[in-house]
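A.B. asks: What follows is query01.tsv, TSV, C-alpha atoms.
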```tsv
chain	number	residue	atom	x	y	z
G	192	MET	CA	0.00	0.00	0.00
G	193	ALA	CA	1.40	3.36	-1.03
G	194	LYS	CA	2.53	5.75	1.71
G	195	PHE	CA	1.00	9.13	1.01
G	196	ASN	CA	2.00	12.53	2.32
G	197	LYS	CA	0.12	14.68	4.82
G	198	TYR	CA	-3.42	15.79	3.92
G	199	VAL	CA	-3.98	12.70	1.75
G	200	GLN	CA	-6.45	10.05	2.82
G	201	ILE	CA	-7.98	8.07	0.00
G	202	GLY	CA	-11.75	7.70	0.27
G	203	PRO	CA	-14.65	6.58	-1.92
G	204	ALA	CA	-15.40	8.10	-5.31
G	205	THR	CA	-17.29	11.38	-4.92
G	206	PRO	CA	-18.23	13.79	-7.71
G	207	ALA	CA	-15.95	16.85	-7.62
G	208	VAL	CA	-18.90	19.02	-8.61
G	209	ASN	CA	-20.34	18.43	-5.10
G	210	GLY	CA	-17.42	20.46	-3.76
G	211	ALA	CA	-18.10	23.25	-6.24
G	212	GLU	CA	-21.78	23.28	-5.21
G	213	ALA	CA	-20.93	23.61	-1.53
G	214	ALA	CA	-18.34	26.29	-2.25
G	215	MET	CA	-20.62	28.35	-4.46
G	216	ILE	CA	-23.10	28.82	-1.62
G	217	LYS	CA	-20.30	30.01	0.69
G	218	VAL	CA	-19.00	32.32	-2.03
G	219	CYS	CA	-22.44	33.83	-2.67
G	220	GLU	CA	-22.94	34.50	1.02
G	221	LYS	CA	-19.47	36.04	1.38
G	222	TYR	CA	-19.56	38.19	-1.76
G	223	PRO	CA	-22.85	40.00	-2.45
G	224	ASN	CA	-21.48	41.13	-5.83
G	225	VAL	CA	-21.49	37.57	-7.25
G	226	VAL	CA	-23.85	37.15	-10.21
G	227	ALA	CA	-24.65	34.00	-12.17
G	228	VAL	CA	-24.40	34.48	-15.93
G	229	LEU	CA	-26.11	31.46	-17.47
G	230	GLU	CA	-26.12	30.15	-20.99
G	231	ASP	CA	-29.17	27.90	-21.00
G	232	MET	CA	-27.43	25.60	-18.53
G	233	GLY	CA	-27.49	25.15	-14.80
G	234	MET	CA	-24.48	25.92	-12.66
G	235	PRO	CA	-23.18	24.88	-9.24
G	236	GLY	CA	-25.22	26.63	-6.55
G	237	LEU	CA	-28.01	27.69	-8.89
G	238	GLU	CA	-30.69	26.52	-6.46
G	239	TRP	CA	-29.24	28.92	-3.86
G	240	PHE	CA	-29.55	31.79	-6.34
G	241	LYS	CA	-33.14	30.88	-7.17
G	242	LYS	CA	-34.10	30.76	-3.51
G	243	HIS	CA	-32.11	33.65	-2.04
G	244	ALA	CA	-31.09	35.98	-4.84
G	245	PRO	CA	-33.00	35.45	-8.10
G	246	GLU	CA	-32.16	39.02	-9.07
G	247	ARG	CA	-28.51	37.94	-9.31
G	248	ILE	CA	-29.21	35.53	-12.22
G	249	VAL	CA	-28.64	36.73	-15.78
G	250	GLU	CA	-29.86	34.19	-18.35
G	251	CYS	CA	-28.29	34.73	-21.77
G	252	GLY	CA	-29.74	31.70	-23.49
G	253	ILE	CA	-27.72	29.90	-26.13
G	254	ALA	CA	-25.79	33.05	-26.94
G	255	GLU	CA	-22.42	32.32	-25.40
G	256	ALA	CA	-20.54	35.14	-27.06
G	257	ASN	CA	-23.12	37.54	-25.71
G	258	GLY	CA	-22.78	35.94	-22.27
G	259	ALA	CA	-19.03	36.58	-22.21
G	260	VAL	CA	-19.47	40.24	-23.13
G	261	ILE	CA	-22.21	40.67	-20.52
G	262	ALA	CA	-19.97	39.08	-17.90
G	263	GLY	CA	-17.12	41.44	-18.83
G	264	ALA	CA	-19.43	44.44	-18.64
G	265	LEU	CA	-20.81	43.38	-15.24
G	266	ALA	CA	-17.26	42.95	-13.94
G	267	ALA	CA	-16.39	46.43	-15.20
G	268	GLU	CA	-19.16	47.72	-12.94
G	269	GLY	CA	-17.84	45.90	-9.88
G	270	PHE	CA	-19.76	42.62	-10.02
G	271	MET	CA	-18.12	39.19	-9.87
G	272	PRO	CA	-19.82	37.20	-12.66
G	273	PHE	CA	-19.67	33.41	-12.74
G	274	LEU	CA	-20.10	32.24	-16.32
G	275	HIS	CA	-20.98	28.58	-16.71
G	276	SER	CA	-21.60	26.12	-19.50
G	277	PHE	CA	-19.91	23.34	-21.42
G	278	SER	CA	-16.36	24.22	-22.38
G	279	PHE	CA	-17.16	23.92	-26.10
G	280	ALA	CA	-19.71	26.70	-25.66
G	281	VAL	CA	-18.48	29.00	-22.92
G	282	ILE	CA	-14.85	28.90	-24.09
G	283	GLU	CA	-14.68	27.93	-27.75
G	284	ARG	CA	-17.78	29.69	-29.06
G	285	ALA	CA	-16.99	32.83	-27.11
G	286	TYR	CA	-13.21	32.70	-27.51
G	287	ASN	CA	-12.82	36.13	-29.09
G	288	GLN	CA	-15.22	37.74	-26.62
G	289	ILE	CA	-13.38	36.21	-23.67
G	290	ARG	CA	-10.12	37.55	-25.07
G	291	GLN	CA	-11.35	41.02	-25.97
G	292	SER	CA	-14.01	41.74	-23.36
G	293	ILE	CA	-12.65	39.91	-20.31
G	294	LEU	CA	-8.94	39.14	-20.50
G	295	VAL	CA	-7.44	42.20	-22.19
G	296	ASP	CA	-8.75	44.32	-19.31
G	297	ARG	CA	-8.30	41.46	-16.83
G	298	PHE	CA	-11.85	41.69	-15.57
G	299	ASN	CA	-12.82	39.67	-12.52
G	300	VAL	CA	-14.88	37.01	-14.32
G	301	LYS	CA	-14.95	33.39	-13.22
G	302	ILE	CA	-15.53	30.88	-16.02
G	303	THR	CA	-16.59	27.43	-14.88
G	304	ALA	CA	-16.99	24.77	-17.53
G	305	ARG	CA	-17.39	21.09	-18.08
G	306	ASP	CA	-14.49	19.76	-20.11
G	307	GLY	CA	-12.82	16.45	-20.86
G	308	VAL	CA	-13.27	13.32	-22.83
G	309	TRP	CA	-15.64	11.02	-21.06
G	310	GLY	CA	-19.32	11.13	-20.89
G	311	ASP	CA	-22.02	10.18	-23.30
G	312	LEU	CA	-22.46	13.52	-25.02
G	313	GLY	CA	-20.05	12.84	-27.79
G	314	ILE	CA	-17.78	14.68	-30.13
G	315	SER	CA	-19.62	18.01	-30.01
G	316	HIS	CA	-20.02	18.41	-26.25
G	317	ASP	CA	-17.14	16.49	-24.67
G	318	ILE	CA	-14.17	18.47	-25.85
G	319	VAL	CA	-10.52	17.84	-25.14
G	320	GLU	CA	-9.13	21.22	-26.21
G	321	GLY	CA	-10.27	23.25	-23.20
G	322	LEU	CA	-6.93	23.38	-21.44
G	323	SER	CA	-4.95	23.86	-24.64
G	324	CYS	CA	-6.94	26.79	-25.96
G	325	THR	CA	-7.06	28.58	-22.61
G	326	ARG	CA	-3.43	28.06	-21.62
G	327	ILE	CA	-2.26	30.44	-24.32
G	328	LEU	CA	-4.46	33.31	-23.12
G	329	PRO	CA	-2.64	35.92	-21.01
G	330	ASN	CA	-4.03	37.08	-17.65
G	331	LEU	CA	-6.00	33.87	-17.12
G	332	VAL	CA	-5.55	31.52	-14.15
G	333	ILE	CA	-6.61	27.91	-14.84
G	334	LEU	CA	-7.71	25.50	-12.12
G	335	ASN	CA	-8.47	21.80	-12.57
G	336	PRO	CA	-9.23	20.15	-9.22
G	337	ALA	CA	-8.54	16.49	-8.50
G	338	ASP	CA	-11.29	15.68	-6.02
G	339	VAL	CA	-14.29	16.97	-4.10
G	340	VAL	CA	-12.21	18.61	-1.34
G	341	GLU	CA	-9.88	20.36	-3.74
G	342	ALA	CA	-12.86	21.47	-5.86
G	343	GLU	CA	-14.43	23.19	-2.87
G	344	LYS	CA	-11.21	24.84	-1.73
G	345	ALA	CA	-10.18	25.89	-5.24
G	346	TYR	CA	-13.62	27.37	-5.88
G	347	ILE	CA	-13.39	29.53	-2.76
G	348	ALA	CA	-9.80	30.51	-3.58
G	349	MET	CA	-10.96	31.49	-7.07
G	350	ALA	CA	-13.50	33.89	-5.58
G	351	ASP	CA	-10.96	35.36	-3.12
G	352	TYR	CA	-8.55	36.01	-6.01
G	353	VAL	CA	-9.37	39.17	-7.98
G	354	GLY	CA	-8.91	38.39	-11.67
G	355	PRO	CA	-10.16	36.09	-14.43
G	356	VAL	CA	-10.11	32.37	-13.69
G	357	TYR	CA	-11.09	29.31	-15.71
G	358	PHE	CA	-12.31	26.55	-13.39
G	359	ARG	CA	-12.38	23.28	-15.29
G	360	MET	CA	-14.77	20.57	-14.18
G	361	GLU	CA	-14.68	16.98	-15.34
G	362	GLN	CA	-18.07	16.39	-13.86
G	363	SER	CA	-19.31	13.37	-15.73
G	364	ALA	CA	-18.77	9.83	-14.52
G	365	PRO	CA	-16.59	8.29	-13.30
G	366	ALA	CA	-16.27	10.37	-10.16
G	367	PRO	CA	-12.76	10.83	-8.79
G	368	LEU	CA	-11.68	9.26	-5.52
G	369	LYS	CA	-11.83	11.49	-2.47
G	370	ILE	CA	-8.13	12.18	-2.10
G	371	PHE	CA	-7.58	15.01	0.36
G	372	THR	CA	-8.45	15.51	4.02
G	373	ASP	CA	-10.70	18.40	4.94
G	374	ASP	CA	-7.77	20.46	6.31
G	375	TYR	CA	-5.83	20.27	3.02
G	376	PRO	CA	-4.30	23.73	2.47
G	377	PHE	CA	-5.02	24.62	-1.16
G	378	GLU	CA	-3.19	27.53	-2.75
G	379	ILE	CA	-3.56	28.84	-6.30
G	380	GLY	CA	-0.25	28.37	-8.10
G	381	LYS	CA	1.08	25.65	-5.80
G	382	ALA	CA	1.27	22.00	-6.77
G	383	TYR	CA	0.90	19.45	-4.01
G	384	GLN	CA	3.13	16.38	-3.69
G	385	ILE	CA	0.66	13.59	-2.92
G	386	LYS	CA	3.38	10.97	-2.71
G	387	ASP	CA	7.16	11.05	-2.95
G	388	GLY	CA	8.94	8.59	-5.22
G	389	LYS	CA	12.49	7.75	-6.24
G	390	ASP	CA	12.01	6.05	-9.60
G	391	ALA	CA	9.67	8.45	-11.45
G	392	THR	CA	7.05	11.13	-10.86
G	393	ILE	CA	3.57	11.37	-12.33
G	394	ILE	CA	2.45	14.98	-12.68
G	395	ALA	CA	-1.31	14.70	-12.93
G	396	THR	CA	-4.24	17.08	-13.01
G	397	GLY	CA	-7.98	16.66	-12.47
G	398	TYR	CA	-9.51	13.19	-12.68
G	399	LEU	CA	-6.24	11.68	-13.86
G	400	VAL	CA	-4.87	12.08	-10.32
G	401	THR	CA	-7.30	9.30	-9.38
G	402	GLU	CA	-5.97	7.12	-12.18
G	403	ALA	CA	-2.39	7.94	-11.16
G	404	ILE	CA	-3.15	6.77	-7.61
G	405	LYS	CA	-4.61	3.55	-8.98
G	406	ALA	CA	-1.50	3.11	-11.14
G	407	LEU	CA	0.66	3.04	-8.01
G	408	ASP	CA	-0.69	-0.42	-7.13
G	409	ILE	CA	0.45	-1.79	-10.48
G	410	LEU	CA	3.84	-0.11	-10.27
G	411	GLU	CA	4.51	-1.14	-6.67
G	412	LYS	CA	3.99	-4.78	-7.62
G	413	GLU	CA	6.81	-4.30	-10.10
G	414	GLY	CA	9.05	-2.82	-7.42
G	415	LEU	CA	8.84	0.78	-8.60
G	416	ASP	CA	8.63	3.69	-6.16
G	417	VAL	CA	6.74	6.39	-8.03
G	418	GLY	CA	5.69	9.83	-6.81
G	419	ILE	CA	2.61	11.87	-7.70
G	420	LEU	CA	2.53	15.64	-8.01
G	421	ASN	CA	-0.99	17.07	-8.14
G	422	MET	CA	-1.08	20.04	-10.50
G	423	CYS	CA	-4.44	21.68	-9.85
G	424	THR	CA	-3.24	25.06	-11.10
G	425	VAL	CA	-2.54	24.48	-14.77
G	426	LYS	CA	-1.71	28.13	-15.23
G	427	PRO	CA	0.54	29.49	-13.85
G	428	LEU	CA	2.32	26.15	-13.49
G	429	ASP	CA	4.28	25.58	-10.30
G	430	GLU	CA	7.67	25.54	-12.01
G	431	GLU	CA	9.58	25.16	-8.74
G	432	ALA	CA	7.75	21.92	-7.97
G	433	ILE	CA	8.25	20.58	-11.51
G	434	ILE	CA	11.99	21.29	-11.37
G	435	ARG	CA	12.24	19.71	-7.92
G	436	VAL	CA	10.64	16.41	-8.97
G	437	ALA	CA	12.50	16.39	-12.29
G	438	GLU	CA	15.84	16.66	-10.52
G	439	GLN	CA	14.83	13.92	-8.08
G	440	THR	CA	13.74	11.30	-10.62
G	441	ARG	CA	14.61	12.52	-14.16
G	442	ALA	CA	11.62	10.45	-15.33
G	443	ILE	CA	8.33	12.34	-15.62
G	444	VAL	CA	4.89	11.28	-16.80
G	445	THR	CA	2.21	13.91	-17.24
G	446	ALA	CA	-1.43	12.82	-17.07
G	447	GLU	CA	-4.45	14.87	-18.07
G	448	ASN	CA	-7.97	14.29	-19.35
G	449	GLY	CA	-7.47	16.48	-22.38
G	450	SER	CA	-5.35	16.94	-25.47
G	451	ILE	CA	-1.61	16.48	-25.11
G	452	VAL	CA	-1.24	19.19	-27.75
G	453	GLY	CA	-0.92	22.42	-25.82
G	454	GLY	CA	-2.17	20.89	-22.61
G	455	MET	CA	-0.63	20.66	-19.15
G	456	GLY	CA	1.94	18.14	-20.42
G	457	ASP	CA	3.20	20.61	-22.99
G	458	GLY	CA	3.58	23.20	-20.24
G	459	VAL	CA	5.58	20.75	-18.14
G	460	ALA	CA	7.70	19.85	-21.19
G	461	ALA	CA	8.62	23.51	-21.64
G	462	VAL	CA	9.73	23.80	-18.01
G	463	LEU	CA	11.78	20.60	-18.28
G	464	GLY	CA	13.37	21.70	-21.55
G	465	GLU	CA	14.39	25.10	-20.19
G	466	TYR	CA	15.38	24.28	-16.62
G	467	ALA	CA	15.60	20.58	-15.76
G	468	PRO	CA	16.01	18.05	-18.59
G	469	ALA	CA	14.20	14.81	-17.85
G	470	ALA	CA	12.71	11.90	-19.76
G	471	LEU	CA	9.05	12.69	-20.41
G	472	VAL	CA	5.97	10.78	-21.52
G	473	ARG	CA	2.67	12.67	-21.86
G	474	VAL	CA	-0.52	10.74	-21.12
G	475	GLY	CA	-3.59	12.42	-22.57
G	476	VAL	CA	-5.70	12.43	-25.68
G	477	GLU	CA	-3.55	12.28	-28.80
G	478	ASP	CA	-4.17	14.75	-31.62
G	479	GLU	CA	-7.80	13.73	-32.12
G	480	PHE	CA	-11.37	14.63	-31.14
G	481	SER	CA	-13.40	13.03	-28.36
G	482	GLN	CA	-16.07	10.42	-29.08
G	483	SER	CA	-19.19	8.90	-27.62
G	484	ALA	CA	-18.92	5.45	-26.17
G	485	ARG	CA	-20.81	2.81	-28.13
G	486	LEU	CA	-22.91	2.14	-25.06
G	487	SER	CA	-24.20	5.29	-23.43
G	488	ALA	CA	-22.04	6.37	-20.49
G	489	ASP	CA	-19.70	3.37	-20.84
G	490	VAL	CA	-16.82	5.53	-19.79
G	491	ASP	CA	-14.37	2.69	-19.31
G	492	GLU	CA	-14.54	1.99	-23.02
G	493	LEU	CA	-13.49	5.58	-23.73
G	494	LYS	CA	-10.82	5.49	-21.04
G	495	ASP	CA	-9.30	2.44	-22.70
G	496	LEU	CA	-9.72	3.87	-26.20
G	497	PHE	CA	-7.86	7.08	-25.37
G	498	GLY	CA	-5.33	5.41	-23.04
G	499	LEU	CA	-6.17	7.44	-19.95
G	500	GLY	CA	-6.48	4.73	-17.33
G	501	ALA	CA	-4.21	3.48	-14.54
G	502	LYS	CA	-2.78	0.71	-16.74
G	503	ASP	CA	-1.89	3.26	-19.41
G	504	ILE	CA	-0.18	5.51	-16.86
G	505	ALA	CA	1.79	2.55	-15.52
G	506	ILE	CA	3.02	1.73	-19.04
G	507	ALA	CA	4.01	5.38	-19.52
G	508	VAL	CA	5.98	5.38	-16.26
G	509	LYS	CA	8.01	2.39	-17.39
G	510	GLU	CA	8.58	4.05	-20.74
G	511	ALA	CA	9.82	7.23	-19.04
G	512	ILE	CA	12.22	5.24	-16.87
G	513	ALA	CA	13.55	3.43	-19.96
G	514	LYS	CA	14.05	6.77	-21.72
G	515	ARG	CA	15.96	8.12	-18.71
G	516	GLU	CA	18.38	5.20	-18.97
G	517	GLN	CA	18.65	5.66	-22.73
G	518	PHE	CA	19.39	9.39	-22.37
G	519	LYS	CA	21.79	8.69	-19.45
G	520	LEU	CA	20.13	11.30	-17.26
G	521	VAL	CA	21.44	11.36	-13.69
G	522	ARG	CA	19.20	11.74	-10.65
G	523	LYS	CA	20.13	13.91	-7.68
P	221	MET	CA	6.59	39.13	-19.70
P	222	THR	CA	4.39	37.97	-16.84
P	223	GLU	CA	4.09	39.27	-13.32
P	224	LYS	CA	2.98	37.71	-10.07
P	225	ILE	CA	2.21	39.51	-6.83
P	226	TYR	CA	2.14	37.50	-3.61
P	227	CYS	CA	1.19	38.45	-0.07
P	228	GLY	CA	4.51	38.72	1.77
P	229	LYS	CA	3.07	37.04	4.85
P	230	CYS	CA	0.98	34.05	3.69
P	231	ASN	CA	2.17	33.82	0.07
P	232	MET	CA	-1.34	34.02	-1.42
P	233	MET	CA	-1.12	34.86	-5.10
P	234	LEU	CA	-2.88	38.21	-5.53
P	235	TYR	CA	-2.10	38.87	-9.18
P	236	PHE	CA	-1.06	36.84	-12.18
P	237	GLY	CA	-0.95	38.26	-15.66
P	238	GLU	CA	0.87	40.55	-17.98
P	239	GLU	CA	3.65	42.65	-16.48
P	240	ILE	CA	1.73	45.67	-15.28
P	241	LYS	CA	4.07	48.35	-16.55
P	242	ARG	CA	4.75	46.66	-19.87
P	243	ARG	CA	1.78	47.83	-21.94
P	244	LEU	CA	2.86	50.92	-23.84
P	245	TYR	CA	-0.56	52.53	-23.81
P	246	MET	CA	-4.15	51.81	-22.72
P	247	ARG	CA	-2.95	50.02	-19.61
P	248	ALA	CA	-5.80	48.01	-18.07
P	249	ILE	CA	-4.19	48.16	-14.65
P	250	PRO	CA	-2.16	51.33	-14.05
P	251	SER	CA	0.02	50.11	-11.20
P	252	GLU	CA	0.63	47.44	-8.56
P	253	GLU	CA	-1.11	49.69	-6.05
P	254	THR	CA	-4.28	49.35	-8.14
P	255	VAL	CA	-4.13	45.57	-7.69
P	256	LEU	CA	-3.74	45.90	-3.94
P	257	GLY	CA	-6.70	48.27	-3.97
P	258	TYR	CA	-8.85	45.48	-5.44
P	259	TYR	CA	-8.33	43.73	-2.11
P	260	LYS	CA	-8.92	46.96	-0.16
P	261	ASN	CA	-5.24	46.65	0.82
P	262	VAL	CA	-5.94	43.64	3.02
P	263	CYS	CA	-4.95	40.06	2.17
P	264	PRO	CA	-8.18	38.02	2.00
P	265	LYS	CA	-6.39	34.95	3.30
P	266	CYS	CA	-4.35	36.15	6.29
P	267	GLY	CA	-5.56	39.72	6.89
P	268	ASN	CA	-2.09	41.15	6.33
P	269	SER	CA	-2.06	44.83	5.38
P	270	LEU	CA	-1.05	45.06	1.72
P	271	SER	CA	1.37	47.69	0.47
P	272	LEU	CA	4.33	47.64	-1.86
P	273	ASN	CA	6.48	46.92	1.19
P	274	THR	CA	4.46	43.89	2.30
P	275	VAL	CA	4.06	42.03	-1.01
P	276	LYS	CA	6.47	40.07	-3.19
P	277	ILE	CA	6.54	41.00	-6.86
P	278	GLU	CA	8.02	38.61	-9.43
P	279	THR	CA	8.36	39.38	-13.12
P	280	LYS	CA	9.48	36.80	-15.61
P	281	GLY	CA	10.38	36.79	-19.26
P	282	ARG	CA	13.02	35.91	-21.81
P	283	LYS	CA	16.12	38.07	-21.87
P	284	THR	CA	16.03	40.30	-24.93
P	285	TRP	CA	18.28	42.99	-26.32
P	286	LEU	CA	16.07	45.63	-24.73
P	287	THR	CA	15.90	44.04	-21.28
P	288	ALA	CA	19.63	43.28	-21.38
P	289	GLN	CA	20.30	47.04	-21.71
P	290	LYS	CA	18.53	47.59	-18.40
```
Rewrite the coordinates I just gave you, this time as structure tokens.
C.D. replies:
Amino acid sequence: MAKFNKYVQIGPATPAVNGAEAAMIKVCEKYPNVVAVLEDMGMPGLEWFKKHAPERIVECGIAEANGAVIAGALAAEGFMPFLHSFSFAVIERAYNQIRQSILVDRFNVKITARDGVWGDLGISHDIVEGLSCTRILPNLVILNPADVVEAEKAYIAMADYVGPVYFRMEQSAPAPLKIFTDDYPFEIGKAYQIKDGKDATIIATGYLVTEAIKALDILEKEGLDVGILNMCTVKPLDEEAIIRVAEQTRAIVTAENGSIVGGMGDGVAAVLGEYAPAALVRVGVEDEFSQSARLSADVDELKDLFGLGAKDIAIAVKEAIAKREQFKLVRK
Amino acid sequence: MTEKIYCGKCNMMLYFGEEIKRRLYMRAIPSEETVLGYYKNVCPKCGNSLSLNTVKIETKGRKTWLTAQK
């Protein structure tokens, strides 16, 4: 059984969105300037708004570009708009409006969106480009929580931080394991070392932290001591933590439920290339679109198809270790 | 060039984005003091009083001919 660091206690699978729901109510009570900007979708905490502050709901309908501009305008007047929808809509359809009307002036808009490969909604709604197309936008902080506890803490931290944030939610099944204890100290911009390891480190974000934890069982049976670094803040990346684990193991696997092109793994690769050369294998969706499973909501089929499961991460770890030997990289 | 501003006491990140003084015109945020004003000059996490003396400011970017002159 893996020995985890402080604040980690593995529990049953619990939807991360439950944490966002709980946090949204706290945020609304703390900040009376919070407004919900909807795009014909619900959002975490919407029931609270309906009951306590229906005047703080702005429904834009299926007009996502309009929603982004409205959110920017509300922020310019001192409100804190939460903009919510699927990532394909709230981000990709409104990309130019987010850039021009929110980010250029760094308005305090929080964008929460469902993103990632699995679910039964298919190629149009389950997109894998969310992280890639937001990482290149200046002034934007990107959060991608690993479990229900981190989702709640990150949501509150997002509200306390004044500036635009993209909060990515992989809210369809399967739910992630409960990973953190309730006193886990979340900080925007800081990665958390879930487990130390001598042979390699998996840098994972979002749901793939759960798969990385499951991969430890496979790797331990093969005598490998592998660490996990949880990278909830995808932008700005915690470069110090990446360099630290790269120097320790010189074998890095990145794991994300999204495209490897431009995703978190690419960000880690840039840090390694510039500051701490290490063997790298990126686990994520290759250069392709998402799909529906043949059977509705058969997420394991998609996980296997895209190579995002624990077994796939374990194979990647062994590949990274082999590369380290091939490149003759020396550990500290 | 990017800039980060942290609370000097608890290390909470208060700002991440473009280097504030870098934009040549139409600056969205005129100065670091403006950012601290967003928080009413109090850190929301630890309650520390925020001023240019109590925060850490980090700027980062590739060395260029222009920055090398400075």
A.B. asks: Can you work out which one of P:Lys276, P:Lys229, P:Lys224, P:Arg242 has the shortest atom-to-atom distance to chain G, counting all atoms listed in the file?
C.D. replies: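 Of the candidates, the smallest distance to chain G is held by P:Lys224.
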A.B. asks: Distance cut-off 8 Å, counting all atoms listed in the file - which residues of chain G neighbour chain P? Return them as a list in words.
C.D. replies: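 Per the criterion, chain G yields Val295, Asp296, Arg297, Pro329, Asn330, Leu331, Val332, Asp351, Tyr352, Val353, Gly354, Glu378, Ile379, Gly380 and Pro427 of chain G.
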A.B. asks: May I have the residues from that selection written out with C-alpha atoms, as an mmCIF file, in the frame of the given file?
C.D. replies:
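Wrote out.cif, looks like this:
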```cif
data_model
loop_
_atom_site.group_PDB
_atom_site.id
_atom_site.type_symbol
_atom_site.label_atom_id
_atom_site.label_comp_id
_atom_site.auth_asym_id
_atom_site.auth_seq_id
_atom_site.Cartn_x
_atom_site.Cartn_y
_atom_site.Cartn_z
ATOM 1 C CA VAL G 295 -7.440 42.200 -22.190
ATOM 2 C CA ASP G 296 -8.750 44.320 -19.310
ATOM 3 C CA ARG G 297 -8.300 41.460 -16.830
ATOM 4 C CA PRO G 329 -2.640 35.920 -21.010
ATOM 5 C CA ASN G 330 -4.030 37.080 -17.650
ATOM 6 C CA LEU G 331 -6.000 33.870 -17.120
ATOM 7 C CA VAL G 332 -5.550 31.520 -14.150
ATOM 8 C CA ASP G 351 -10.960 35.360 -3.120
ATOM 9 C CA TYR G 352 -8.550 36.010 -6.010
ATOM 10 C CA VAL G 353 -9.370 39.170 -7.980
ATOM 11 C CA GLY G 354 -8.910 38.390 -11.670
ATOM 12 C CA GLU G 378 -3.190 27.530 -2.750
ATOM 13 C CA ILE G 379 -3.560 28.840 -6.300
ATOM 14 C CA GLY G 380 -0.250 28.370 -8.100
ATOM 15 C CA PRO G 427 0.540 29.490 -13.850
#
```
A.B. asks: To one decimal place, how far is atom CA of Leu294 of chain G from atom CA of Val356 of chain G in Å?
C.D. replies: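 Computed distance, atom CA of Leu294 of chain G to atom CA of Val356 of chain G, equals 9.7 Å.
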A.B. asks: Give me the residues within 9 Å of Arg441 of chain G as number ranges by chain, counting all atoms listed in the file and dropping any in the same chain fewer than 4 places off.
C.D. replies: G: 390-392, 436-437, 467-471, 511-512, 515, 520-523
A.B. asks: Find the distance between atom CA of Pro365 of chain G and atom CA of Tyr398 of chain G and write it in Å to one decimal.
C.D. replies: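 Distance between the two atoms: 8.6 Å.
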A.B. asks: How many Å lie between atom CA of Gly418 of chain G and atom CA of Lys280 of chain P, rounded to one decimal?
C.D. replies: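 Interatomic distance, atom CA of Gly418 of chain G to atom CA of Lys280 of chain P: 28.6 Å.
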A.B. asks: Skipping near chain neighbours, those fewer than 6 positions away, what residues fall within 7 Å of segment 482-485 of chain G using only C-alpha atoms, listed as an mmCIF file with C-alpha atoms, in the coordinates of the input?
C.D. replies:
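Below is the file selection-v7.cif, written as the result:
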```
data_model
loop_
_atom_site.group_PDB
_atom_site.id
_atom_site.type_symbol
_atom_site.label_atom_id
_atom_site.label_comp_id
_atom_site.auth_asym_id
_atom_site.auth_seq_id
_atom_site.Cartn_x
_atom_site.Cartn_y
_atom_site.Cartn_z
ATOM 1 C CA ASP G 311 -22.020 10.180 -23.300
ATOM 2 C CA LEU G 312 -22.460 13.520 -25.020
ATOM 3 C CA GLY G 313 -20.050 12.840 -27.790
ATOM 4 C CA ILE G 314 -17.780 14.680 -30.130
ATOM 5 C CA GLU G 492 -14.540 1.990 -23.020
ATOM 6 C CA LEU G 493 -13.490 5.580 -23.730
#
```
A.B. asks: List the spatial neighbours of Ile385 of chain G as JSON, numbers by chain - criterion: any atom at most 7 Å away, all atoms listed in the file, same-chain residues fewer than 2 positions off excluded.
C.D. replies: {"G": [195, 196, 199, 383, 387, 419, 420, 421]}
A.B. asks: Could you write out the selected residues, including C-alpha atoms, as an mmCIF file, in the frame of the given file?
C.D. replies:
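Result file again-v1.cif:
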```
data_model
loop_
_atom_site.group_PDB
_atom_site.id
_atom_site.type_symbol
_atom_site.label_atom_id
_atom_site.label_comp_id
_atom_site.auth_asym_id
_atom_site.auth_seq_id
_atom_site.Cartn_x
_atom_site.Cartn_y
_atom_site.Cartn_z
ATOM 1 C CA PHE G 195 1.000 9.130 1.010
ATOM 2 C CA ASN G 196 2.000 12.530 2.320
ATOM 3 C CA VAL G 199 -3.980 12.700 1.750
ATOM 4 C CA TYR G 383 0.900 19.450 -4.010
ATOM 5 C CA ASP G 387 7.160 11.050 -2.950
ATOM 6 C CA ILE G 419 2.610 11.870 -7.700
ATOM 7 C CA LEU G 420 2.530 15.640 -8.010
ATOM 8 C CA ASN G 421 -0.990 17.070 -8.140
#
```
A.B. asks: Could you check the closest approach to Cys230 of chain P for each of P:Val262, P:Leu244, P:Ala288, P:Leu272 and tell me which residue wins, using all atoms listed in the file?
C.D. replies: P:Val262
A.B. asks: Residues within 10 Å of Glu430 of chain G, please, as number ranges by chain. Count only C-alpha atoms; anything in the same chain fewer than 5 positions from it doesn't count.
C.D. replies: G: 380-382, 435, 458-459, 461-463, 466
A.B. asks: Which residues, written as an MDAnalysis selection string, have at least one atom at most 12 Å from segment 263-268 of chain G, with all atoms listed in the file counted and residues fewer than 2 positions away on the same chain left out?
C.D. replies: (chainID G and resid 224:228 247:249 256:261 270:274 285 288:302 353:355) or (chainID P and resid 248)
